[in-house]
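Visitor: Quick one: the structure is below, and I'll ask about it shortly.
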Amino acid sequence: MPCWKFPRWLAALAVLLLALLPIRGWASDFDTANQAYDQGKFADAKAGYEKVIESGAGSANVYYNLGNTEFRLDDAGHAILSYERALALTPRHPEALANLRLLREKNGSRLLPVSWNSRLAHLLTTNIWTVLVAVSGWIVLFGLVIIFTSRQADHFGLWLLTLLSVVVCAVASVSLWSMTRDQALAVITAKETEARLAPAESAGVAEALPAGSQVRVLSERGEWIYCELPGLGRGWVPEGALQHVRPVKS
């Protein structure tokens, strides 16, 4: 008796459809959140964008839309945080840059000093800098091997390429180091926070921090976070008053 075989093309189609289900799911949630925003249902829109992010599909545009929603809900601290997260994914996102600048000025947010290497690092994404380090590093390695093992006398072009690759590798490495430091960057989400000289409400005030101000997390002690402050000092901030720009993986 002949045995019926399941068509290969049908199996491949089934696999493809199953793979697309999560994409269709978050895309539907994103569209629903956009519709809620257009209808002025900002709390529903916020919940929708957060659902998309929780599903692992948090793109720069999703964070940008979430920031707009939080601004509409009069939550400047979280709006600035969302714009910062959008820029962490797409450093030159024009709308996020513009809205972040305007909201910071309006809210009087205080910012950490920006070094030249940090400015340079944010011109490209982490993935691109990583590729540049890898490619330029291999070019340097192979270039030196060829130069010192080849019997050919004229290596001017190869020396030039190797030296250029050394420069690219150095710049990319410094940029990656700067981005690693940015893993500790956090934003004050509470409307008004006072950094303390010690981890206690009764301690003296180190610096007043309006919503949206930047700090760099140095260490944690219970419900207090020890931070580098915009005024170049250091102080303790309540745990619930800030959030990391790049969410900490548990």
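Following the order of the structure tokens, first chain is A, next is B, and so on, with residues numbered from 1 inside each chain and ligands from 1 in the order they appear.
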Within 8 Å of A:Thr193, counting only C-alpha atoms, which residues qualify if same-chain residues fewer than 6 places away don't, as a PyMOL selection string?

Guide: chain A and resi 208-211+237+241

Visitor: Near A:Trp116, within 12 Å and counting only C-alpha atoms, which residues show up once chain neighbours fewer than 2 positions away are dropped, as a list in words?

Guide: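 Counting only C-alpha atoms, the residues come to Pro113, Val114, Ser118, Arg119, Leu120, Ala121, His122, Leu123, Val171, Val174, Ser175 and Ser178 of chain A.
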
Visitor: Can you write just those residues out, N, CA, C and O atoms, as a CSV table (one decimal), in the first residue's frame?

Guide:
chain,number,residue,atom,x,y,z
A,113,PRO,N,29.2,65.8,31.6
A,113,PRO,CA,30.1,66.3,30.6
A,113,PRO,C,30.3,65.3,29.5
A,113,PRO,O,30.5,64.1,29.8
A,114,VAL,N,30.4,65.7,28.3
A,114,VAL,CA,30.6,64.8,27.1
A,114,VAL,C,32.0,64.9,26.6
A,114,VAL,O,32.4,66.0,26.2
A,118,SER,N,33.5,60.2,23.6
A,118,SER,CA,32.1,59.8,23.7
A,118,SER,C,31.3,60.3,22.5
A,118,SER,O,30.4,59.6,21.9
A,119,ARG,N,31.6,61.6,22.1
A,119,ARG,CA,30.9,62.1,20.9
A,119,ARG,C,31.3,61.3,19.6
A,119,ARG,O,30.4,61.0,18.8
A,120,LEU,N,32.5,60.9,19.5
A,120,LEU,CA,33.0,60.1,18.4
A,120,LEU,C,32.3,58.7,18.4
A,120,LEU,O,31.8,58.3,17.4
A,121,ALA,N,32.1,58.1,19.6
A,121,ALA,CA,31.6,56.8,19.7
A,121,ALA,C,30.1,56.8,19.3
A,121,ALA,O,29.7,55.8,18.7
A,122,HIS,N,29.4,57.9,19.5
A,122,HIS,CA,28.0,57.9,19.1
A,122,HIS,C,27.7,58.2,17.7
A,122,HIS,O,26.5,58.3,17.3
A,123,LEU,N,28.7,58.4,16.9
A,123,LEU,CA,28.5,58.5,15.5
A,123,LEU,C,28.1,57.2,14.8
A,123,LEU,O,27.5,57.3,13.8
A,171,VAL,N,41.0,53.9,17.1
A,171,VAL,CA,39.8,54.8,17.2
A,171,VAL,C,38.5,53.9,17.5
A,171,VAL,O,37.8,54.3,18.4
A,174,VAL,N,38.8,52.7,21.2
A,174,VAL,CA,38.4,53.8,22.2
A,174,VAL,C,36.9,54.0,22.2
A,174,VAL,O,36.3,54.2,23.2
A,175,SER,N,36.3,54.0,21.0
A,175,SER,CA,34.8,54.2,20.9
A,175,SER,C,34.1,53.1,21.6
A,175,SER,O,33.1,53.3,22.3
A,178,SER,N,34.3,53.7,25.3
A,178,SER,CA,33.4,54.7,25.7
A,178,SER,C,32.0,54.2,25.8
A,178,SER,O,31.2,54.5,26.7

Visitor: Considering only C-alpha atoms, return as number ranges by chain whatever protein or nucleic-acid residues lie within 6 Å of A:Gly77, sequence-local ones (same chain, fewer than 2 positions apart) excluded.

Guide: A: 75, 79-80, 189, 211-212

Visitor: Taking 5 positions as the minimum chain separation for residues in the same chain, which residues sit within 12 Å of A:Ala184 when counting only C-alpha atoms? Answer as an mmCIF file with all heavy atoms, in the first residue's frame.

Guide:
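Output saved as around-v3.cif:
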data_model
loop_
_atom_site.group_PDB
_atom_site.id
_atom_site.type_symbol
_atom_site.label_atom_id
_atom_site.label_comp_id
_atom_site.auth_asym_id
_atom_site.auth_seq_id
_atom_site.Cartn_x
_atom_site.Cartn_y
_atom_site.Cartn_z
ATOM 1 N N SER A 178 34.308 53.661 25.261
ATOM 2 C CA SER A 178 33.379 54.717 25.669
ATOM 3 C C SER A 178 31.959 54.183 25.782
ATOM 4 O O SER A 178 31.214 54.535 26.701
ATOM 5 C CB SER A 178 33.419 55.876 24.667
ATOM 6 O OG SER A 178 34.696 56.476 24.644
ATOM 7 N N MET A 179 31.575 53.320 24.845
ATOM 8 C CA MET A 179 30.238 52.747 24.886
ATOM 9 C C MET A 179 30.067 51.802 26.077
ATOM 10 O O MET A 179 28.976 51.685 26.639
ATOM 11 C CB MET A 179 29.939 52.032 23.577
ATOM 12 C CG MET A 179 29.679 52.974 22.422
ATOM 13 S SD MET A 179 29.140 52.115 20.933
ATOM 14 C CE MET A 179 28.444 53.486 19.996
ATOM 15 N N GLN A 214 21.158 63.393 33.756
ATOM 16 C CA GLN A 214 21.994 62.213 33.571
ATOM 17 C C GLN A 214 22.869 61.968 34.798
ATOM 18 O O GLN A 214 23.390 62.909 35.401
ATOM 19 C CB GLN A 214 22.906 62.369 32.357
ATOM 20 C CG GLN A 214 22.208 62.420 31.024
ATOM 21 C CD GLN A 214 23.196 62.644 29.885
ATOM 22 O OE1 GLN A 214 24.258 63.230 30.075
ATOM 23 N NE2 GLN A 214 22.848 62.181 28.705
ATOM 24 N N VAL A 215 23.064 60.688 35.138
ATOM 25 C CA VAL A 215 24.041 60.288 36.149
ATOM 26 C C VAL A 215 24.728 59.030 35.643
ATOM 27 O O VAL A 215 24.236 58.363 34.733
ATOM 28 C CB VAL A 215 23.386 60.016 37.522
ATOM 29 C CG1 VAL A 215 22.771 61.274 38.098
ATOM 30 C CG2 VAL A 215 22.335 58.908 37.416
ATOM 31 N N ARG A 216 25.873 58.712 36.218
ATOM 32 C CA ARG A 216 26.565 57.470 35.864
ATOM 33 C C ARG A 216 26.659 56.605 37.127
ATOM 34 O O ARG A 216 27.223 57.021 38.132
ATOM 35 C CB ARG A 216 27.954 57.753 35.290
ATOM 36 C CG ARG A 216 28.666 56.494 34.813
ATOM 37 C CD ARG A 216 29.937 56.818 34.034
ATOM 38 N NE ARG A 216 29.622 57.315 32.688
ATOM 39 C CZ ARG A 216 29.799 58.567 32.287
ATOM 40 N NH1 ARG A 216 30.275 59.479 33.119
ATOM 41 N NH2 ARG A 216 29.501 58.928 31.061
ATOM 42 N N VAL A 217 26.072 55.424 37.054
ATOM 43 C CA VAL A 217 26.017 54.535 38.208
ATOM 44 C C VAL A 217 27.402 53.966 38.502
ATOM 45 O O VAL A 217 28.074 53.425 37.622
ATOM 46 C CB VAL A 217 25.007 53.391 37.964
ATOM 47 C CG1 VAL A 217 25.063 52.374 39.104
ATOM 48 C CG2 VAL A 217 23.595 53.960 37.820
ATOM 49 N N LEU A 218 27.819 54.083 39.780
ATOM 50 C CA LEU A 218 29.123 53.571 40.207
ATOM 51 C C LEU A 218 28.981 52.322 41.067
ATOM 52 O O LEU A 218 29.769 51.383 40.930
ATOM 53 C CB LEU A 218 29.878 54.667 40.976
ATOM 54 C CG LEU A 218 30.142 55.968 40.199
ATOM 55 C CD1 LEU A 218 30.773 57.006 41.109
ATOM 56 C CD2 LEU A 218 31.021 55.703 38.994
ATOM 57 N N SER A 219 28.002 52.315 41.967
ATOM 58 C CA SER A 219 27.784 51.147 42.821
ATOM 59 C C SER A 219 26.394 51.238 43.438
ATOM 60 O O SER A 219 25.696 52.246 43.288
ATOM 61 C CB SER A 219 28.855 51.064 43.929
ATOM 62 O OG SER A 219 28.771 52.188 44.780
ATOM 63 N N GLU A 220 25.998 50.176 44.126
ATOM 64 C CA GLU A 220 24.673 50.122 44.748
ATOM 65 C C GLU A 220 24.805 49.652 46.194
ATOM 66 O O GLU A 220 25.685 48.857 46.526
ATOM 67 C CB GLU A 220 23.759 49.169 43.974
ATOM 68 C CG GLU A 220 23.572 49.557 42.512
ATOM 69 C CD GLU A 220 22.606 48.624 41.785
ATOM 70 O OE1 GLU A 220 21.858 47.899 42.489
ATOM 71 O OE2 GLU A 220 22.612 48.613 40.552
ATOM 72 N N ILE A 225 21.698 54.246 45.206
ATOM 73 C CA ILE A 225 22.647 54.091 44.093
ATOM 74 C C ILE A 225 23.687 55.209 44.183
ATOM 75 O O ILE A 225 23.333 56.392 44.245
ATOM 76 C CB ILE A 225 21.929 54.181 42.724
ATOM 77 C CG1 ILE A 225 20.691 53.277 42.692
ATOM 78 C CG2 ILE A 225 22.885 53.838 41.609
ATOM 79 C CD1 ILE A 225 20.986 51.811 42.755
ATOM 80 N N TYR A 226 24.954 54.817 44.206
ATOM 81 C CA TYR A 226 26.045 55.790 44.245
ATOM 82 C C TYR A 226 26.391 56.179 42.815
ATOM 83 O O TYR A 226 26.679 55.323 41.979
ATOM 84 C CB TYR A 226 27.254 55.176 44.938
ATOM 85 C CG TYR A 226 28.360 56.148 45.252
ATOM 86 C CD1 TYR A 226 28.105 57.368 45.885
ATOM 87 C CD2 TYR A 226 29.682 55.843 44.924
ATOM 88 C CE1 TYR A 226 29.120 58.245 46.188
ATOM 89 C CE2 TYR A 226 30.719 56.715 45.233
ATOM 90 C CZ TYR A 226 30.428 57.918 45.859
ATOM 91 O OH TYR A 226 31.443 58.803 46.156
ATOM 92 N N CYS A 227 26.350 57.481 42.528
ATOM 93 C CA CYS A 227 26.451 57.953 41.139
ATOM 94 C C CYS A 227 27.466 59.077 40.974
ATOM 95 O O CYS A 227 27.711 59.866 41.893
ATOM 96 C CB CYS A 227 25.089 58.484 40.660
ATOM 97 S SG CYS A 227 23.758 57.280 40.696
ATOM 98 N N GLU A 228 28.010 59.148 39.763
ATOM 99 C CA GLU A 228 28.726 60.334 39.312
ATOM 100 C C GLU A 228 27.668 61.334 38.856
ATOM 101 O O GLU A 228 26.773 60.988 38.091
ATOM 102 C CB GLU A 228 29.661 59.977 38.159
ATOM 103 C CG GLU A 228 30.443 61.151 37.597
ATOM 104 C CD GLU A 228 31.292 60.755 36.403
ATOM 105 O OE1 GLU A 228 31.577 59.547 36.243
ATOM 106 O OE2 GLU A 228 31.653 61.656 35.621
ATOM 107 N N LEU A 242 15.740 56.615 39.428
ATOM 108 C CA LEU A 242 16.483 56.588 38.166
ATOM 109 C C LEU A 242 16.301 55.253 37.457
ATOM 110 O O LEU A 242 15.881 54.267 38.056
ATOM 111 C CB LEU A 242 17.968 56.873 38.399
ATOM 112 C CG LEU A 242 18.769 55.929 39.314
ATOM 113 C CD1 LEU A 242 19.151 54.641 38.646
ATOM 114 C CD2 LEU A 242 20.027 56.634 39.803
ATOM 115 N N GLN A 243 16.647 55.241 36.156
ATOM 116 C CA GLN A 243 16.675 54.008 35.382
ATOM 117 C C GLN A 243 17.858 54.051 34.428
ATOM 118 O O GLN A 243 18.211 55.118 33.904
ATOM 119 C CB GLN A 243 15.382 53.825 34.578
ATOM 120 C CG GLN A 243 14.178 53.428 35.423
ATOM 121 C CD GLN A 243 13.001 52.994 34.571
ATOM 122 O OE1 GLN A 243 13.162 52.273 33.586
ATOM 123 N NE2 GLN A 243 11.819 53.443 34.944
ATOM 124 N N HIS A 244 18.465 52.897 34.185
ATOM 125 C CA HIS A 244 19.563 52.797 33.224
ATOM 126 C C HIS A 244 19.039 53.069 31.806
ATOM 127 O O HIS A 244 17.933 52.658 31.449
ATOM 128 C CB HIS A 244 20.192 51.403 33.247
ATOM 129 C CG HIS A 244 21.070 51.170 34.429
ATOM 130 N ND1 HIS A 244 20.590 50.890 35.690
ATOM 131 C CD2 HIS A 244 22.442 51.186 34.554
ATOM 132 C CE1 HIS A 244 21.596 50.722 36.517
ATOM 133 N NE2 HIS A 244 22.741 50.899 35.869
ATOM 134 N N VAL A 245 19.861 53.763 31.012
ATOM 135 C CA VAL A 245 19.499 53.976 29.605
ATOM 136 C C VAL A 245 19.498 52.640 28.868
ATOM 137 O O VAL A 245 18.571 52.337 28.110
ATOM 138 C CB VAL A 245 20.490 54.956 28.932
ATOM 139 C CG1 VAL A 245 20.230 55.009 27.418
ATOM 140 C CG2 VAL A 245 20.343 56.344 29.549
ATOM 141 N N ARG A 246 20.517 51.852 29.115
ATOM 142 C CA ARG A 246 20.563 50.495 28.570
ATOM 143 C C ARG A 246 20.155 49.556 29.677
ATOM 144 O O ARG A 246 20.916 49.352 30.630
ATOM 145 C CB ARG A 246 21.969 50.166 28.040
ATOM 146 C CG ARG A 246 22.351 50.988 26.817
ATOM 147 C CD ARG A 246 23.829 50.855 26.523
ATOM 148 N NE ARG A 246 24.185 51.524 25.279
ATOM 149 C CZ ARG A 246 24.401 52.834 25.184
ATOM 150 N NH1 ARG A 246 24.288 53.595 26.251
ATOM 151 N NH2 ARG A 246 24.719 53.386 24.033
ATOM 152 N N PRO A 247 18.937 48.986 29.582
ATOM 153 C CA PRO A 247 18.420 48.175 30.686
ATOM 154 C C PRO A 247 19.386 47.097 31.107
ATOM 155 O O PRO A 247 20.004 46.424 30.280
ATOM 156 C CB PRO A 247 17.140 47.565 30.088
ATOM 157 C CG PRO A 247 16.727 48.540 29.023
ATOM 158 C CD PRO A 247 18.021 49.062 28.458
ATOM 159 N N VAL A 248 19.560 46.952 32.413
ATOM 160 C CA VAL A 248 20.470 45.944 32.968
ATOM 161 C C VAL A 248 19.832 44.570 32.825
ATOM 162 O O VAL A 248 18.682 44.360 33.207
ATOM 163 C CB VAL A 248 20.767 46.228 34.444
ATOM 164 C CG1 VAL A 248 21.679 45.155 35.022
ATOM 165 C CG2 VAL A 248 21.409 47.603 34.594
#

Visitor: Which is closer to A:Leu185 than all the others in A:Lys106, A:Arg221, A:Ala203, A:Arg85, using only C-alpha atoms?

Guide: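 Among A:Lys106, A:Arg221, A:Ala203, A:Arg85, it is A:Arg85 that comes nearest to A:Leu185.
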
Visitor: Enter the distance from atom CA of A:Leu158 to atom CA of A:Thr125, in Å, rounded to one decimal.

Guide: 28.8 Å
